[in-house]
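This report refers to the structure that appears directly beneath it.
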Amino acid sequence: MATLSIRNLVKSYGKVEVLHGISLDVADGEFVVFVGPSGCGKSTTLRMIAGLEDITGGEIHIGERLVNNLEPKDRDIAMVFQNYAIYPHMSVRKNIGFGLRTSKLPKAGKDKRIDEVAAILGMSDLLERRPNQLSGGQRQRVAIGRAMVRDPAVFLFDEPLSNLDAQLRTQMRLEIKKLHQRVGNTIVFVTHDQVEAMTMADRIVIMKDGHIQQVGTPLEVYHKPANIFVAQFIGAPSMNMLPGTWTGGGVRLADGLTVPLPARTAAEGANVVLGLRPDDLVVTNKKGFLSGQVAVVEPLGADTLVYVGVNGHELIAKASGREPPKVGQTVALTANAGEMHLFDAKSGEALP
Ligand SMILES: Nc1ncnc2c1ncn2[C@@H]1O[C@H](COP(=O)(O)OP(=O)(O)OP(=O)(O)O)[C@@H](O)[C@H]1O
Ligand SMILES: [Mg+2]
């Protein structure tokens with residue numbers, strides 16, 4: 001196992017710079033998830049750590065070693081891709097053992113290692129099967145087993161679950177998390193699914209356009225998003241955003257209504273955006289600081305999503321599943337001041 005340190009990492013393809021100097025320290029045994037929209041540079045970062053892409057600028061250390069100029073096979077990493085290639089003509093044992101093809105272990109040592117990994121993955125009874133005799137989740141475990149068998153310092157996963165159906169994804173997510181709790185390797189995991197990021201990560205790295213937007217624990221990025229992008233990317237449904245101006249005592253919205261808020265760092269008269277999570281909004285027929293007509297009601301079972309037209313905006317609130325309001329009804333919305341987020345309208349930065 002080892003730490004991973006990335007310093008001012010830059011990547012250009014020809015004249016186009018796609019990664020603009022990102023830095024990150026991953027602790028030994030930490031599970032870090034990179035998340036962000038398509039094209040933001042997640043795979044590029046991972047491939048540079050793996051040694052599959054040249055480094056245009058900056059440094060990558062695995063443990064104490066600067067690995068910039070090391071071959072992938074000398075970096076002590078193992079990578080699992082989205083389109084994991086397991087060989088259909090080979091047994092599970094041979095497929096997992098493929099990870100040891102360059103190892104100098106004697107045959108008996110290799111067999112012992114394969115048995116250990118199969119036991120950790122719960123596949124001891126399946127070692128003689130061919131891939132076409134396995135379920136999708138079992139095949140995915142074979143691909144992970146092939147990476148594990150070398151006991152690498154760092155595991156790299158690039159969207160390994162995105163080809164699986166929804167149920168299997170959830171199951172594999174849990175399996176990978178449990179696996180990490182058991183073996184404790186350093187893991188860098190890439191996904192564009194914020195739920196995957198929230199549920200698995202020790203820390204989440206949120207990227208956009210080749211820049212890191214925020215690094216933090218799942219709860220930090222959820223409760224204290226650094227900017228509007230992070231606030232809307234993390235959490236589903238997305239955070240509601242209402243533009244207004246800062247009055248000193250609160251946010252004045254377009255129709256003149258003021259939502260009171262304790263002192264913030266905003267300047268009087270500044271253009272701001274008030275952020276309200278659907279989970280934090282309470283739908284009530286008593287008085288609230290906002291009110292409007294219910295446009296759509298989406299029952300989810302335990303909760304109900306309620307779309308309320310407020311001030312020319314459609315806000316989403318999560319209401320109880322048992323007695324949801326009806327379409328056309330006028331409702332009020334409230335939230336605790338401590339759960340309201342404020343952002344600078346121009347820069348998008350949070351105003352604490
Ligand atoms: N070989 C290449 N040549 C030129 N540009 C590339 C190359 N590979 C990637 N890019 C560009 O680099 C940027 C980052 O790509 P990358 O594959 O890292 O995105 P990603 O975050 O993994 O996206 P996705 O979620 O779609 O996998 C994109 O704009 C992409 O078009
Ligand atoms: Mg990618």
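Following the order of the structure tokens, chains are lettered A, B, ..., residues in each are numbered from 1, and ligands are numbered from 1.
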
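Within the 12 Å cut-off around Arg65 in chain A, using only C-alpha atoms and omitting residues fewer than 2 positions from it on the same chain, the listed residues are Ala2, Thr3, Leu4, Ser5, Ile6, Glu59, Ile60, His61, Ile62, Gly63, Val67, Asn68, Asn69, Leu70, Asp74, Arg75, Asp76 and Ala153 of chain A.
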
Surroundings of ligand 1 up to 7 Å, based on only C-alpha atoms and all ligand atoms, as a list in words: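 Checking only C-alpha atoms and all ligand atoms against ligand 1 at 7 Å gives Tyr13, Val18, Gly36, Pro37, Ser38, Gly39, Cys40, Gly41, Lys42, Ser43, Thr44, Thr45, Thr191 and His192 of chain A.
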
Residue contacts of range 217-234 of chain A (7 Å, only C-alpha atoms) excluding same-chain residues fewer than 4 positions away, as a PyMOL selection string: chain A and resi 194+198+201-204+238-239+343+348-350

Can you tell me, as an NGL selection string, which residues in range 190-284 of chain A count as helix (DSSP H, G or I) by DSSP? :A and (194-200 or 218-223 or 228-233)

Residues of the last selection are to be written out with N, CA and C atoms, as an mmCIF file, in the first residue's frame.
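And here is the file that came out, result20.cif:
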```cif
data_model
loop_
_atom_site.group_PDB
_atom_site.id
_atom_site.type_symbol
_atom_site.label_atom_id
_atom_site.label_comp_id
_atom_site.auth_asym_id
_atom_site.auth_seq_id
_atom_site.Cartn_x
_atom_site.Cartn_y
_atom_site.Cartn_z
ATOM 1 N N GLN A 194 -22.878 10.650 -9.171
ATOM 2 C CA GLN A 194 -22.636 11.249 -7.858
ATOM 3 C C GLN A 194 -23.092 10.345 -6.710
ATOM 4 N N VAL A 195 -24.062 9.472 -6.965
ATOM 5 C CA VAL A 195 -24.494 8.555 -5.900
ATOM 6 C C VAL A 195 -23.379 7.552 -5.599
ATOM 7 N N GLU A 196 -22.747 7.046 -6.660
ATOM 8 C CA GLU A 196 -21.604 6.157 -6.478
ATOM 9 C C GLU A 196 -20.510 6.856 -5.670
ATOM 10 N N ALA A 197 -20.247 8.101 -6.023
ATOM 11 C CA ALA A 197 -19.209 8.873 -5.322
ATOM 12 C C ALA A 197 -19.564 9.038 -3.850
ATOM 13 N N MET A 198 -20.793 9.457 -3.580
ATOM 14 C CA MET A 198 -21.214 9.716 -2.195
ATOM 15 C C MET A 198 -21.135 8.449 -1.353
ATOM 16 N N THR A 199 -21.568 7.331 -1.912
ATOM 17 C CA THR A 199 -21.704 6.129 -1.103
ATOM 18 C C THR A 199 -20.373 5.421 -0.862
ATOM 19 N N MET A 200 -19.409 5.565 -1.768
ATOM 20 C CA MET A 200 -18.179 4.776 -1.627
ATOM 21 C C MET A 200 -16.997 5.545 -1.060
ATOM 22 N N PRO A 218 -17.844 13.075 1.677
ATOM 23 C CA PRO A 218 -19.192 13.178 1.109
ATOM 24 C C PRO A 218 -20.069 14.183 1.864
ATOM 25 N N LEU A 219 -19.985 14.183 3.179
ATOM 26 C CA LEU A 219 -20.843 15.108 3.929
ATOM 27 C C LEU A 219 -20.389 16.558 3.774
ATOM 28 N N GLU A 220 -19.079 16.784 3.687
ATOM 29 C CA GLU A 220 -18.584 18.152 3.460
ATOM 30 C C GLU A 220 -19.083 18.712 2.132
ATOM 31 N N VAL A 221 -18.946 17.932 1.066
ATOM 32 C CA VAL A 221 -19.340 18.483 -0.239
ATOM 33 C C VAL A 221 -20.859 18.628 -0.349
ATOM 34 N N TYR A 222 -21.584 17.830 0.432
ATOM 35 C CA TYR A 222 -23.051 17.944 0.422
ATOM 36 C C TYR A 222 -23.503 19.155 1.242
ATOM 37 N N HIS A 223 -22.951 19.297 2.436
ATOM 38 C CA HIS A 223 -23.425 20.363 3.334
ATOM 39 C C HIS A 223 -22.701 21.688 3.129
ATOM 40 N N ILE A 228 -21.528 26.939 -6.873
ATOM 41 C CA ILE A 228 -22.821 26.541 -7.437
ATOM 42 C C ILE A 228 -22.697 25.221 -8.198
ATOM 43 N N PHE A 229 -21.576 25.037 -8.900
ATOM 44 C CA PHE A 229 -21.412 23.805 -9.668
ATOM 45 C C PHE A 229 -21.477 22.578 -8.755
ATOM 46 N N VAL A 230 -20.692 22.600 -7.679
ATOM 47 C CA VAL A 230 -20.676 21.464 -6.745
ATOM 48 C C VAL A 230 -22.051 21.301 -6.106
ATOM 49 N N ALA A 231 -22.656 22.426 -5.726
ATOM 50 C CA ALA A 231 -23.959 22.384 -5.061
ATOM 51 C C ALA A 231 -24.991 21.680 -5.934
ATOM 52 N N GLN A 232 -24.932 21.926 -7.254
ATOM 53 C CA GLN A 232 -25.930 21.319 -8.131
ATOM 54 C C GLN A 232 -25.539 19.934 -8.599
ATOM 55 N N PHE A 233 -24.240 19.638 -8.575
ATOM 56 C CA PHE A 233 -23.787 18.323 -9.038
ATOM 57 C C PHE A 233 -24.043 17.251 -7.987
#
```

Choose the residue, out of A:Thr245, A:Thr170, A:Ser12, A:Gln82, that has the smallest atom-to-atom separation from ligand 2; count only C-alpha atoms and all ligand atoms. A:Gln82

Which of range 245-324 of chain A fall in strand (DSSP E), as a PyMOL selection string: chain A and resi 245-246+250-253+258-260+271-276+282-284+290-299+303-310+313-320

Among listed residues A:Lys110, A:Lys15, A:Arg47, A:Arg277, nearest ligand 2 (using only C-alpha atoms and all ligand atoms): A:Arg47

If we count only C-alpha atoms and set the cut-off at 12 Å, which residues sit around range 313-330 of chain A, ignoring sequence neighbours fewer than 3 positions away in its own chain? Please answer as a ChimeraX atom specification. /A:236-243,253-255,274-288,290-310,333-335

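For Ala266 in chain A, the residues within 7 Å (counting only C-alpha atoms, excluding itself and residues fewer than 4 positions away along the chain) are Trp246, Ala270 and Leu351 of chain A.
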
Given the choices A:Gly244, A:Pro160, A:Gly312, A:Gly51, which gets closest to ligand 2 if the distance is worked out from only C-alpha atoms and all ligand atoms?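 Once distances to ligand 2 are computed over only C-alpha atoms and all ligand atoms, the minimum belongs to A:Pro160.
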
Do you know which residues are at most 7 Å from range 94-104 of chain A counting only C-alpha atoms, after dropping those on the same chain fewer than 5 positions away, and could you put them as an NGL selection string? :A and (86-87 or 114 or 142 or 145-147 or 149-150)

Kindly export the residues of the current selection with all heavy atoms, as a short mmCIF file (atom, residue, chain, number, x, y, z; two decimals), in the first residue's frame.
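Wrote it out as out39.cif, contents follow:
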```cif
data_model
loop_
_atom_site.label_atom_id
_atom_site.label_comp_id
_atom_site.auth_asym_id
_atom_site.auth_seq_id
_atom_site.Cartn_x
_atom_site.Cartn_y
_atom_site.Cartn_z
N ILE A 86 -12.09 -9.77 -19.92
CA ILE A 86 -11.73 -11.08 -19.38
C ILE A 86 -11.81 -12.05 -20.55
O ILE A 86 -12.62 -11.89 -21.45
CB ILE A 86 -12.58 -11.50 -18.16
CG1 ILE A 86 -14.05 -11.60 -18.49
CG2 ILE A 86 -12.37 -10.56 -17.00
CD1 ILE A 86 -14.86 -12.16 -17.33
N TYR A 87 -10.92 -13.02 -20.54
CA TYR A 87 -10.78 -13.88 -21.71
C TYR A 87 -11.80 -15.01 -21.68
O TYR A 87 -11.83 -15.79 -20.74
CB TYR A 87 -9.36 -14.42 -21.79
CG TYR A 87 -8.37 -13.31 -21.95
CD1 TYR A 87 -7.60 -12.88 -20.89
CD2 TYR A 87 -8.25 -12.65 -23.18
CE1 TYR A 87 -6.72 -11.83 -21.03
CE2 TYR A 87 -7.37 -11.60 -23.32
CZ TYR A 87 -6.61 -11.19 -22.25
OH TYR A 87 -5.75 -10.14 -22.40
N ILE A 114 -3.85 -16.83 -6.05
CA ILE A 114 -5.15 -16.85 -6.74
C ILE A 114 -6.24 -17.38 -5.80
O ILE A 114 -7.34 -16.83 -5.73
CB ILE A 114 -5.08 -17.72 -8.02
CG1 ILE A 114 -4.14 -17.08 -9.05
CG2 ILE A 114 -6.47 -17.91 -8.64
CD1 ILE A 114 -3.74 -17.99 -10.20
N VAL A 142 -14.22 -11.08 -11.40
CA VAL A 142 -13.02 -11.69 -11.98
C VAL A 142 -12.04 -10.58 -12.41
O VAL A 142 -10.83 -10.66 -12.15
CB VAL A 142 -13.36 -12.59 -13.19
CG1 VAL A 142 -12.09 -13.09 -13.87
CG2 VAL A 142 -14.22 -13.77 -12.75
N GLY A 145 -10.50 -9.25 -9.44
CA GLY A 145 -9.56 -10.25 -8.92
C GLY A 145 -8.23 -10.22 -9.66
O GLY A 145 -7.16 -10.33 -9.06
N ARG A 146 -8.30 -10.02 -10.96
CA ARG A 146 -7.06 -9.95 -11.74
C ARG A 146 -6.21 -8.75 -11.32
O ARG A 146 -4.98 -8.82 -11.31
CB ARG A 146 -7.41 -9.84 -13.23
CG ARG A 146 -6.18 -9.82 -14.09
CD ARG A 146 -6.49 -9.40 -15.48
NE ARG A 146 -7.33 -10.39 -16.12
CZ ARG A 146 -7.99 -10.16 -17.25
NH1 ARG A 146 -7.93 -9.00 -17.84
NH2 ARG A 146 -8.72 -11.10 -17.79
N ALA A 147 -6.89 -7.66 -10.96
CA ALA A 147 -6.15 -6.48 -10.48
C ALA A 147 -5.62 -6.72 -9.07
O ALA A 147 -4.49 -6.34 -8.74
CB ALA A 147 -7.06 -5.25 -10.51
N VAL A 149 -4.77 -9.51 -7.56
CA VAL A 149 -3.88 -10.63 -7.35
C VAL A 149 -2.42 -10.18 -7.19
O VAL A 149 -1.61 -10.82 -6.52
CB VAL A 149 -4.09 -11.67 -8.49
CG1 VAL A 149 -3.41 -11.24 -9.76
CG2 VAL A 149 -3.68 -13.05 -8.08
N ARG A 150 -2.12 -9.04 -7.75
CA ARG A 150 -0.74 -8.53 -7.63
C ARG A 150 -0.52 -7.72 -6.37
O ARG A 150 0.58 -7.24 -6.13
CB ARG A 150 -0.43 -7.65 -8.85
CG ARG A 150 -0.12 -8.49 -10.07
CD ARG A 150 0.47 -7.62 -11.15
NE ARG A 150 -0.56 -6.82 -11.78
CZ ARG A 150 -0.43 -5.56 -12.12
NH1 ARG A 150 0.69 -4.90 -11.84
NH2 ARG A 150 -1.40 -4.92 -12.71
#
```

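The gap separating CA of Thr186 in chain A from CA of Val26 in chain A is 7.8 Å, in Å to one decimal.
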
Quick one: pull the distance between CA of Asn8 in chain A and CA of Glu159 in chain A, Å, one decimal. 23.9 Å
